[in-house]
Amino acid sequence: MFVVRPSLARAIGAASRLSGRGGGTTLPGRILLGMAPDAIARLGAELDGPIVLISATNGKTTTAAMVAAALRAAGRPPIHNKAGSNMNRGIATALLEQRTAAPGGGGLFEVDEAWLRPVAAELVPDLIVLANLFRDQLDRYGELERLVDDWAKMLETRVQRGGDWSLVLNADDPLVSDLGRDADGAPRPGVVYFGVDDPSVSLAEPQHAHDAKHCRRCGAPYQYERFYMGHLGHYRCPDCDSARPRPSVAARRVELLGFDGSRVEVDSPAGPINFTLPLPGLYNVYNAVAASAALLQLGLGPAAIATSLEATAAVFGRVEEIQIEGRRVAILLIKNPIGASEVLRTLAQPAQPLELWIALNDKIADGRDISWVWDADFEPPAELILRVTCSGSRAPEMANRLKYAGWDPARIVVDDDLHGSFNRAVAAVEPGGRLFALPTYTALLELRTRLADRGLAKEYWA
């Protein structure tokens, strides 16, 4: 029988990282799974403490980081795939390399949407957090209905196996909230809903990327009372009993402060959770409310949750800000229509002149199909742009999209030299000013590696 030897895997990971080839977050797991295909299940069985899985199209890295930070502050540090490698090989690497984590911390893993079902089958989680499903990389995932059906099958299997477990669902996402009921429409046990209940941050009309238009039960078009992000909002089906469930963990008051963050008041069964979140945008409010719901299920109280959320630090590429030659550079990942729309919506509030660098790649990890940029709302900041540099492998297509969004062509620079264009965009900013860098996933990895080589940022596995 194969015996797991963590020293070998750690050595492989260290060698990969030193080589600069970036496989250190997955290579040990790849090797381990090649030698022992059941390694995730075997290592998971050794965990002392609850096992938590978090999945979503947008925000799973940030939500998992929020939960992990709060658990660490409570003296319960979990094994956590903090580098964001969220397929089976990345989870295997985290399980292997962090086996010396403090007892009782259990495991906390963000999981790719398409990998959630097989990973859950191996780890048998105590808590599953499902935050949202948006259209993302259709050339890899297919339509959303396929993913939600896969999640439903996972939950049915989990119920059949029995045992005590909890499910945290986003009440505002009709695809996700519907998973709180079984195939016959009966409520599942152990379900907790979270959501946003403040109409002041709702939209007057749906965004371009409005995905879940029809009831999963009967096919009728949903009727919406209000929209928050894409298809997230308050909805009901006019032809059957499907409707937004009332969330027990809800943001009753949200004050968006632009790039400086937001002030949030959350109601919960344990009492109010009020905090100032240092991360911007309504999308990060959703992440924080999801984390709050999960942490309540894990036994933390409102005061501890609020304190931890107020100390939240930006994670790899998600609203990081670094200093380069006297300029501030804010890095915000964009990878699908809703994610990009929410970043641009945040940058447009409050109105202020903007200098941007946008890198659009079409590599495998980005999704070869870049048509998603036409569904993202690039229009809101059009009048605020001082200068934008379009880079990456599909720089001309990005520039073309911006022209159609009403951005002044005279202020658009096309430069497909990713690293050179970034340096030139930084240098063009006045000292003390700020550049907003909006890369897609592989562009973010490339940029981060170069910045780490210059000592300006940590490696993403650090």
# chains A, B, ... in the order shown; residues from 1 in each chain; ligands from 1
>>> residues_around(residues="Met229 of chain A", least_positions_apart="2", cutoff="9 Å", atoms="only C-alpha atoms", output="ChimeraX atom specification")
/A:202-203,206-207,209-210,227,231-233,282-283,338,341-342
>>> residues_around(residues="Leu386 of chain A", least_positions_apart="5", cutoff="7 Å", atoms="only C-alpha atoms", output="mmCIF file with C-alpha atoms, in the first residue's frame")
data_model
loop_
_atom_site.group_PDB
_atom_site.id
_atom_site.type_symbol
_atom_site.label_atom_id
_atom_site.label_comp_id
_atom_site.auth_asym_id
_atom_site.auth_seq_id
_atom_site.Cartn_x
_atom_site.Cartn_y
_atom_site.Cartn_z
ATOM 1 C CA PRO A 353 -10.701 60.555 -13.256
ATOM 2 C CA LEU A 354 -9.380 57.060 -13.931
ATOM 3 C CA GLU A 355 -6.219 55.616 -15.459
ATOM 4 C CA ARG A 411 -7.536 57.862 -24.802
#
>>> residues_around(residues="segment 388-399 of chain A", least_positions_apart="4", cutoff="7 Å", atoms="only C-alpha atoms", output="list in words")
Glu355, Leu356, Trp357, Ile358, Ala359, Leu360, Asn361, Asp362, Lys403, Arg411, Ile412, Val413, Val414, Asp415, Asp416, Asp417, Leu418, Ser421, Ala425 and Ala443 of chain A
>>> residues_around(residues="Ala294 of chain A", least_positions_apart="6", cutoff="9 Å", atoms="only C-alpha atoms", output="list in words")
Val52, Val67, Leu127, Ile128, Val129, Leu167, Val168 and Val192 of chain A
>>> residues_around(residues="Arg327 of chain A", least_positions_apart="4", cutoff="12 Å", atoms="only C-alpha atoms", output="count of residues only")
17
>>> closest_residue(among="A:Gly105, A:Gly219, A:Gly230, A:Pro269", to="Phe194 of chain A", atoms="only C-alpha atoms")
A:Pro269
>>> atom_distance(atom1="atom CA of Thr57 of chain A", atom2="atom CA of Cys237 of chain A")
23.7 Å
>>> closest_residue(among="A:Ala69, A:Ala171, A:Val373, A:Leu384", to="Pro245 of chain A", atoms="only C-alpha atoms")
A:Ala171
>>> select_by_dssp(residues="segment 119-284 of chain A", states="strand (DSSP E or B)", output="VMD selection string")
chain A and resid 127 to 130 166 to 170 181 187 191 to 196 203 214 221 223 to 229 232 to 236 243 249 to 256 262 to 267 273 to 277
>>> residues_around(residues="Leu123 of chain A", least_positions_apart="6", cutoff="9 Å", atoms="only C-alpha atoms", output="list in words")
Ile40, Ala41, Arg42, Leu43, Gly44, Ala45 and Ile51 of chain A
>>> residues_around(residues="Val264 of chain A", least_positions_apart="4", cutoff="8 Å", atoms="only C-alpha atoms", output="PyMOL selection string")
chain A and resi 251-255+274-277+285
>>> write_last_selection(atoms="C-alpha atoms", output="JSON list (two decimals), in the first residue's frame")
[["chain", "number", "residue", "atom", "x", "y", "z"],
["A", 251, "ALA", "CA", -27.39, 42.58, 5.04],
["A", 252, "ARG", "CA", -30.14, 44.99, 6.07],
["A", 253, "ARG", "CA", -28.11, 48.14, 5.48],
["A", 254, "VAL", "CA", -25.25, 48.61, 3.02],
["A", 255, "GLU", "CA", -23.35, 51.83, 2.41],
["A", 274, "ASN", "CA", -21.96, 45.29, 12.00],
["A", 275, "PHE", "CA", -18.64, 46.06, 10.34],
["A", 276, "THR", "CA", -16.75, 48.32, 7.98],
["A", 277, "LEU", "CA", -15.38, 46.16, 5.19],
["A", 285, "VAL", "CA", -20.47, 42.57, 0.62]]
>>> atom_distance(atom1="atom CA of Arg448 of chain A", atom2="atom CA of Leu332 of chain A")
11.8 Å
